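**Student:** Please see the structure below; I have some questions.
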There are 4 protein chains.
Amino acid sequence: MLLVRGGTVVTADCTRRADVLCDDSGRIAAVGPALEAPTGCAVVDAGGLLVMPGGIDPHTHMEMPFMGSVASDDFQTGTEAGVAGGTTTIIDFVIPERGGALLAAWKDWRAKAEKAVADYSFHVAVTHWDEQVHADMGTLARECGVNSFKHFMAYKGALMVDDGVLLRSIGRALELGALCNVHAENGDAVAFLQQDLLRRGLAGPASHPLSRPPTVEGEAAQRVIAIAGLLGAPVYIVHVSTEEAASAIAAARARGQRVYGEVLAQHLVIDDSVYADPDWLGAARHVMSPPFRPRHHQKALWAGLASGQLQTTATDHCCFCAGQKAQGRDDFTKIPNGTPGIEDRMSVLWHHGVRTGRLTPQEFVAVTSANTAKIFNIHPRKGAIMEGADADLVLWDAEASRTVSAATHHQNVDYNLYEGMTLTGLARHTISAGRLVWSDGDLRTVRGAGRYVERPCFGPD
Amino acid sequence: MLLVRGGTVVTADCTRRADVLCDDSGRIAAVGPALEAPTGCAVVDAGGLLVMPGGIDPHTHMEMPFMGSVASDDFQTGTEAGVAGGTTTIIDFVIPERGGALLAAWKDWRAKAEKAVADYSFHVAVTHWDEQVHADMGTLARECGVNSFKHFMAYKGALMVDDGVLLRSIGRALELGALCNVHAENGDAVAFLQQDLLRRGLAGPASHPLSRPPTVEGEAAQRVIAIAGLLGAPVYIVHVSTEEAASAIAAARARGQRVYGEVLAQHLVIDDSVYADPDWLGAARHVMSPPFRPRHHQKALWAGLASGQLQTTATDHCCFCAGQKAQGRDDFTKIPNGTPGIEDRMSVLWHHGVRTGRLTPQEFVAVTSANTAKIFNIHPRKGAIMEGADADLVLWDAEASRTVSAATHHQNVDYNLYEGMTLTGLARHTISAGRLVWSDGDLRTVRGAGRYVERPCFGPD
Amino acid sequence: MLLVRGGTVVTADCTRRADVLCDDSGRIAAVGPALEAPTGCAVVDAGGLLVMPGGIDPHTHMEMPFMGSVASDDFQTGTEAGVAGGTTTIIDFVIPERGGALLAAWKDWRAKAEKAVADYSFHVAVTHWDEQVHADMGTLARECGVNSFKHFMAYKGALMVDDGVLLRSIGRALELGALCNVHAENGDAVAFLQQDLLRRGLAGPASHPLSRPPTVEGEAAQRVIAIAGLLGAPVYIVHVSTEEAASAIAAARARGQRVYGEVLAQHLVIDDSVYADPDWLGAARHVMSPPFRPRHHQKALWAGLASGQLQTTATDHCCFCAGQKAQGRDDFTKIPNGTPGIEDRMSVLWHHGVRTGRLTPQEFVAVTSANTAKIFNIHPRKGAIMEGADADLVLWDAEASRTVSAATHHQNVDYNLYEGMTLTGLARHTISAGRLVWSDGDLRTVRGAGRYVERPCFGPD
Amino acid sequence: MLLVRGGTVVTADCTRRADVLCDDSGRIAAVGPALEAPTGCAVVDAGGLLVMPGGIDPHTHMEMPFMGSVASDDFQTGTEAGVAGGTTTIIDFVIPERGGALLAAWKDWRAKAEKAVADYSFHVAVTHWDEQVHADMGTLARECGVNSFKHFMAYKGALMVDDGVLLRSIGRALELGALCNVHAENGDAVAFLQQDLLRRGLAGPASHPLSRPPTVEGEAAQRVIAIAGLLGAPVYIVHVSTEEAASAIAAARARGQRVYGEVLAQHLVIDDSVYADPDWLGAARHVMSPPFRPRHHQKALWAGLASGQLQTTATDHCCFCAGQKAQGRDDFTKIPNGTPGIEDRMSVLWHHGVRTGRLTPQEFVAVTSANTAKIFNIHPRKGAIMEGADADLVLWDAEASRTVSAATHHQNVDYNLYEGMTLTGLARHTISAGRLVWSDGDLRTVRGAGRYVERPCFGPD
Ligand SMILES: [Zn+2]
Ligand SMILES: [Zn+2]
Ligand SMILES: [Zn+2]
Ligand SMILES: [Zn+2]
Ligand SMILES: [Zn+2]
Ligand SMILES: [Zn+2]
Ligand SMILES: [Zn+2]
Ligand SMILES: [Zn+2]
């Protein structure tokens with residue numbers, strides 16, 4: 001047992017002085033102003049700290065095979081980095097090979113994830129349509145704890161699905177009580193622009209954002225919202241990076257549609273000037289999709305989080321080292337897309353969000369864990385601090401600062417997007433399933449201790 | 001002490017099986033799955049019921065002197081009606097006479113409210129500007145528990161303030177950490193249209209909505225949002241009744257502005273066809289400002305609540321009996337503006353909101369109590385169910401139905417807007433400050449038992 | 001030679017008293033207040049009449065093979081009907097068979113059109129993409145007088161193109177100085193909804209609008225605007241029928257994009273209640289795409305024309321008789337899509353547009369001829385009244401009325417959408433290429449007198 | 001008589017090769033491809049030049065008493081400068097003293113304007129409301145050729161009117177068939193912000209834009225559009241300088257409202273960086289209202305002109321020399337508001353509008369003369385090139401360049417906003433009332449030759 005004593009408990013709902021007692025089954029046994037420590041109970045001093053639900057990152061890609069490489073952070077190193085930053089749950093993506101079976105892929109990913117040190121769950125991607133996909137969605141939803149399916153409107157010739165598949169899959173998910181996620185970029189347009197840029201000899205990373213301008217994302221967001229609207233289905237748009245997509249979501253919500261939007265911490269603070277880096281690798285390390293954007297988009301993203309029109313924050317954590325990025329040295333379309341970020345998301349949100357007055361501490365909890373838990377139907381097990389909830393906590397030091405560096409981070413990748421950035425607000429201690437797994441800079445995780453989190457489907461309305 | 005046993009606790013944040021123990025000081029002593037009843041503790045059986053925070057109505061006018069009459073529900077009868085419907089806290093309005101002192105008026109209202117049977121608080125109206133107002137705002141905010149000030153952009157020649165006063169008052173409130181409320185209708189336009197209608201001999205109640213078309217509200221909402229935006233101040237718009245105003249609020253929020261919107265239960269379900277009633281009194285009883293609207297506005301209001309762009313529901317409860325309404329028999333501009341509603345708000349929201357799928361039960365709690373408590377800075381004392389919070393609870397029977405009628409309601413007024421409407425979802429028991437004040441149709445309130453709720457100002461950012 | 005004497009000349013630009021002299025080459029020789037009639041010159045008395053440019057219908061389908069039928073109005077009867085209604089030029093569509101060559105199809109259509117009694121021109125449809133299409137577009141643009149290419153985002157499995165083809169074709173047109181036209185409906189969504197309706201046994205014409213809701217059009221309009229925007233190319237959206245598409249166009253224009261929108265006269269005055277007709281044929285006769293819409297969309301279309309955000313009016317004239325419509329008796333997706341309208345467009349616009357105050361007479365000319373001529377680069381040859389312009393005129397009686405009926409119309413089809421509608425404003429006389437072809441109800445056309453109108457490409461910016 | 005030979009005539013409607021013959025009454029006698037020069041007729045060689053309607057500047061303030069000064073350009077020097085730049089008509093403003101009679105003021109202004117060298121007309125300002133104003137508006141509209149009235153929503157304590165006056169005046173104008181113009185800035189907000197800035201010791205010209213942020217204009221534009229909409233009246237918003245106001249206008253037009261917007265040439269090309277000029281006078285010379293704006297607003301203004309949502313361009317020409325600007329040396333609110341511009345408007349529009357591809361030459365004519373003539377009901381007398389129209393022409397050299405300088409300009413003021421800017425496109429010759437008044441840099445104007453242009457009211461709908 002573990003007693004968190006003397007802290008200020010902050011949830012999405014309220015802030016109060018309370019102790020938190022974690023039991024040996026990994027759950028919260030009690031929350032109250034002055035709890036007694038049972039005999040033999042370890043005590044963590046949370047004096048001066050904020051006790052918040054452990055972060056949930058709803059969008060990671062650990063050891064994902066992609067574009068001819070495999071992401072360098074595996075489920076162990078990736079979840080360790082998460083824990084070091086206060087994140088105790090990830091929702092990763094099962095991505096079947098082209099034409100491959102969903103269920104088999106889910107099993108593969110289950111196996112890969114067994115080494116995780118903290119809890120994990122899976123969205124499963126639908127990348128084509130046939131009767132087997134229809135059947136597997138049912139099995140996954142009913143028997144495997146999968147209540148969300150992912151779709152790519154980009155990556156033409158690989159993961160991309162057309163509107164017909166989207167309609168079928170979103171319709172199928174609706175009848176199952178599952179939620180569809182969408183990577184919203186117009187893949188035809190991206191492919192066209194890529195070819196056009198290459199044809200003109202513009203093969204460097206500076207072409208990456210030119211091949212995926214904001215319109216490409218805004219269009220796709222509009223489209224999938226329209227499609228979900230035709231079906232009366234909810235939809236969740238991952239990595240919203242533009243004012244255009246954020247507006248489309250807000251407009252749909254104002255019409256009464258249930259649309260959700262996720263923002264990456266990276267997009268909130270880094271802009272497209274990174275692609276002007278004369279150092280090829282410096283620019284290539286920022287190649288991800290959607291790309292970094294002109295600065296004014298950041299304002300829309302922050303406002304979306306503050307107003308509740310965008311609900312979650314994530315990282316799309318997907319690490320590729322210098323050697324891997326180098327695949328695209330002569331052709332930016334071959335640079336593996338992805339950036340690291342799981343370790344720093346919470347600090348970035350606190351420093352740039354809470355300390356600037358954009359978000360209250362309660363809103364911070366909402367966008368780093370509680371909203372995600374609610375949207376993906378694992379609340380109050382996750383994202384809450386109450387009796388019976390999972391004992392996943394971060395003890396947050398709101399005043400301490402650290403300077404980010406790849407030299408000291410726990411991510412298994414050779415760079416950090418925030419290199420040199422000093423952030424105030426950090427995870428002093430992290431508790432996963434009632435165990436102290438990160439304490440004052442000391443990582444105490446156990447390989448394989450992470451559990452697969454089943455997410456039940458939503459009931460019929 | 002009182003133990004609420006066997007219910008399902010629903011808050012804005014989550015839903016779970018839990019008992020709730022109320023102590024003798026009127027607070028919640030414990031919340032948990034299977035609480036022991038202390039010796040001598042009364043027990044309420046909440047089996048099959050939802051246990052939710054008691055409703056908060058942030059907009060009532062008990063015994064208000066207005067347009068030559070005094071509203072017929074006083075603080076006793078009005079709060080009794082509230083309790084019968086599951087509402088345990090009201091925030092009423094102190095409205096100084098023209099040019100009158102704020103502090104003195106606040107004292108008058110404190111005196112009038114002593115007879116209340118449930119808790120109450122006050123917004124204080126600023127209806128002119130001078131040094132005394134500036135000083136009184138400070139006193140009220142710092143010493144009297146008033147953290148919100150009200151402004152009327154309508155009622156020209158009476159309560160209306162111009163943009164200069166709005167700027168001064170909103171600016172003053174900002175430095176005090178208080179929030180400004182605004183009745184948003186363009187009073188110049190209303191007066192012009194009223195005169196024009198009267199000049200043309202159109203003196204009946206059907207002219208009332210014609211004198212206050214949606215544009216009149218949309219314009220004022222835009223304007224006060226602009227004004228608050230200039231100052232970087234939050235603003236709360238009362239009784240949003242139009243798509244235009246709802247859109248203005250959503251747009252401001254998407255720009256990062258902190259703007260809040262309140263919706264009246266009445267506007268959600270009653271439309272402007274009521275003014276076509278050939279019976280003068282039938283129409284006159286619906287005279288309130290803003291008036292009832294064409295039906296398509298309701299869709300925008302519901303969507304606003306569901307998407308979180310509108311946050312609270314209220315009633316603007318302000319009762320005038322037939323004899324009072326008759327003042328305006330020959331001139332619709334003399335009909336006292338106001339309608340009853342406090343008793344039925346929660347049922348209307350449940351029946352038309354939750355049962356139709358527009359709102360989840362948690363969103364119901366958010367818009368009937370929790371959001372109001374947060375916005376007016378009395379959360380988690382109010383609007384929450386947790387140890388230490390006020391023991392204000394409603395035990396909700398989600399399946400039982402009742403048919404609304406003035407013959408049976410507790411409001412001290414001779415009609416009910418929802419007469420004959422059958423609503424599913426009702427307050428089976430209501431608990432105020434730990435005491436059972438409404439139980440299975442039996443009103444057990446105590447005159448004067450209500451307490452004045454001080455609302456602290458917000459701290460500096 | 002022909003002298004039009006005593007009329008009031010109305011153009012898009014101005015209104016003035018003037019005579020118009022037409023020479024024997026079919027051109028206007030002079031415009032002036034009191035022209036002398038040359039010896040032997042015929043004179044038409046235009047006293048009390050408005051002399052306006054002959055109408056241009058930029059969207060017709062004469063004798064088009066479609067859905068297993070051939071449209072019943074051929075180039076002769078269709079242009080005769082046009083002339084009877086004041087329309088002297090049509091722009092029809094060359095639609096190659098699936099995979100067919102553009103140039104060959106253009107030649108086929110040229111041959112078919114030789115029987116036309118008034119001038120005609122052609123948009124050419126791009127329904128797939130390959131090198132031959134790329135080459136043929138060049139030939140058509142440079143040598144054949146084709147400066148516009150048409151694309152269908154609907155009709156999946158038949159005419160529909162995907163975004164990749166749109167990008168290639170719009171890009172190609174841009175380099176040629178040609179303009180792309182788009183039928184904007186999401187064909188994947190239509191096909192999905194059609195199958196869903198049929199599967200549910202809803203096979204009647206009432207399912208037609210359900211398979212193509214406003215969102216389906218709004219989405220596609222947004223998308224093609226985004227695509228054109230990526231290329232910096234102008235785009236022209238045919239038959240805009242929804243508020244959603246109209247808004248998308250206006251928003252793009254407000255960002256500085258050159259987007260044009262066309263409205264069908266039918267959509268301006270007929271709403272979707274027609275599909276509730278219990279008579280199968282009555283409903284089937286209204287099957288066209290986009291379908292008729294709920295009434296509030298009409299307001300947006302009229303406002304678009306009045307504000308200049310929508311520029312042209314057309315008919316999508318495409319006639320199918322009862323026997324042809326009957327193909328879809330058991331399956332609404334087999335009903336040939338199309339409605340007649342060329343003969344009544346001008347009257348509908350005058351009666352419902354000008355007489356209601358929505359449009360000025362000059363705006364009437366703009367939206368019935370001048371704007372079309374400008375957008376398709378045949379102004380001032382067409383759409384203008386000035387020396388040197390083609391002598392295509394309509395002498396408009398603004399006060400005379402007629403009641404529309406299939407019994408009396410000149411369209412070769414067995415019904416009229418406006419059957420029984422009395423319209424004020426009609427073509428008293430129509431002059432095509434300087435010859436009186438319609439005079440007081442007397443049709444004086446000559447088979448084959450119509451000329452092919454070459455439209456030059458736009459120069460480089 | 002004067003024959004303009006060999007030019008390319010460009011109007012808002014079309015472009016063609018034509019000669020223009022001006023008669024001795026100052027009107028156009030003929031327009032045609034190869035006109036004969038009557039005996040004794042002077043000939044101007046327009047070879048290589050564009051022959052366009054002389055510019056109309058609908059917003060000037062010659063010799064206006066304002067803020068304790070009198071604008072330095074009088075009706076002679078101001079119209080001379082106009083002619084040198086290709087502008088042949090101005091519409092100036094009659095501004096009665098506070099509480100003063102409209103009719104008397106109009107007579108004063110008539111007298112002052114007698115020295116004008118080119119045509120002029122007057123808007124008359126309504127700055128308060130009483131029965132005399134009501135009566136004078138009737139007299140002016142019916143007997144004095146005034147069809148437009150001006151209103152200031154800013155300049156609190158001086159020219160500002162409240163919403164009640166706006167409603168009365170716009171309503172009165174509607175019944176007269178006149179059009180209301182509005183300076184849209186929230187005067188209460190400006191006054192509040194000015195005082196706040198001064199109180200904080202920020203008394204320099206850099207405070208000017210801070211006292212009038214974009215919101216101040218956007219709000220007022222929204223408001224007056226709402227007010228006009230309540231009355232069903234058209235409204236014309238002068239000097240639209242912000243994206244916010246431009247959007248409000250576009251939105252109203254999309255709802256079917258007749259709203260017009262005017263843009264100043266200055267706002268199209270100069271941004272708010274001018275206020276950072278460390279030289280007090282440099283900054284003070286840019287003090288005008290609305291102020292210069294951040295650069296992104298310019299995009300919205302250009303797009304508004306190109307899309308037709310903003311219709312006219314003007315200058316608000318109002319000159320104050322260094323000594324006059326110095327009045328506000330210690331207090332920016334005392335700097336006389338105004339900038340020069342009449343001489344350069346046409347060149348600025350051509351260089352930055354036409355040569356950049358934002359506007360076509362025909363659109364250039366529309367926004368520099370034709371639209372203004374239409375909106376203010378003097379078309380085709382002005383703004384057109386056709387028989388019978390006033391012979392006001394500019395012979396435009398589209399390829400020639402000049403560098404702007406106060407040293408060489410004809411404006412009676414000691415600076416030029418565009419100092420040092422090289423503009424391509426200039427007035428080679430200007431013809432006013434059939435007389436060559438500017439020719440190759442030689443000013444040939446005659447004091448008093450300008451005529452008062454009566455503008456008839458619009459008829460009842
Ligand atoms: Zn993605
Ligand atoms: Zn991803
Ligand atoms: Zn009110
Ligand atoms: Zn009220
Ligand atoms: Zn079509
Ligand atoms: Zn068509
Ligand atoms: Zn002004
Ligand atoms: Zn001015």
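Chain labels run A, B, ... following the order of the structure tokens; each chain numbers its residues from 1, and ligands are numbered from 1 in the order shown.
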May I ask you to extract the residues of chain C within 6 Å of chain A, using only C-alpha atoms, and to give them as a list in words?
**Tutor:** Asp163, Gly164, Asp188, Glu219 and Arg223 of chain C
**Student:** Throw together the list of residues within 12 Å of ligand 5, counting only C-alpha atoms and all ligand atoms, and drop it here as an MDAnalysis selection string.
**Tutor:** chainID C and resid 59:61 66 92:93 95 125 150:155 159:160 181:187 217 237:241 262:264 288:291 314:318 337:339
**Student:** Give me the residues within 8 Å of D:Leu103 as a ChimeraX atom specification, counting only C-alpha atoms and dropping any in the same chain fewer than 6 places off.
**Tutor:** /D:136,139-140
**Student:** Filtering to N, CA and C atoms, could you give me those residues as a PDB file, in the first residue's frame?
**Tutor:**
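Full text of again_39.pdb as output:
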```pdb
ATOM      1  N   ASP D 136     -35.264  68.657 -42.533  1.00  0.00           N
ATOM      2  CA  ASP D 136     -34.160  69.013 -43.438  1.00  0.00           C
ATOM      3  C   ASP D 136     -33.736  67.831 -44.315  1.00  0.00           C
ATOM      4  N   THR D 139     -36.039  67.918 -47.206  1.00  0.00           N
ATOM      5  CA  THR D 139     -35.725  68.999 -48.139  1.00  0.00           C
ATOM      6  C   THR D 139     -34.470  68.684 -48.952  1.00  0.00           C
ATOM      7  N   LEU D 140     -33.457  68.240 -48.257  1.00  0.00           N
ATOM      8  CA  LEU D 140     -32.202  67.925 -48.943  1.00  0.00           C
ATOM      9  C   LEU D 140     -32.408  66.823 -49.982  1.00  0.00           C
TER      10      LEU D 140
END
```
**Student:** DSSP on the backbone, strand (DSSP E) only: what residues of stretch 120-316 of chain D does that give? Format it as a list of chain:residue names.
**Tutor:**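 For stretch 120-316 of chain D, the strand (DSSP E) set is D:Tyr120, D:Ser121, D:Phe122, D:His123, D:Val124, D:Ala125, D:Ser148, D:Phe149, D:Lys150, D:His151, D:Phe152, D:Leu179, D:Cys180, D:Asn181, D:Val182, D:His183, D:Val235, D:Tyr236, D:Ile237, D:Val259, D:Tyr260, D:Gly261, D:Glu262, D:Val263, D:Leu264, D:Thr312, D:Thr313, D:Ala314.
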**Student:** Between atom CA of B:Leu174 and atom CA of B:Ala389, what is the distance, to one decimal in Å?
**Tutor:**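 About the pair atom CA of B:Leu174 and atom CA of B:Ala389: they are 27.6 Å apart.
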**Student:** Can you tell me, as an MDAnalysis selection string, what residues are no more than 9 Å from C:Ala398 when counting only C-alpha atoms, ignoring any on the same chain fewer than 2 positions away?
**Tutor:** chainID C and resid 48:50 350:351 355 396 400:401 424:427
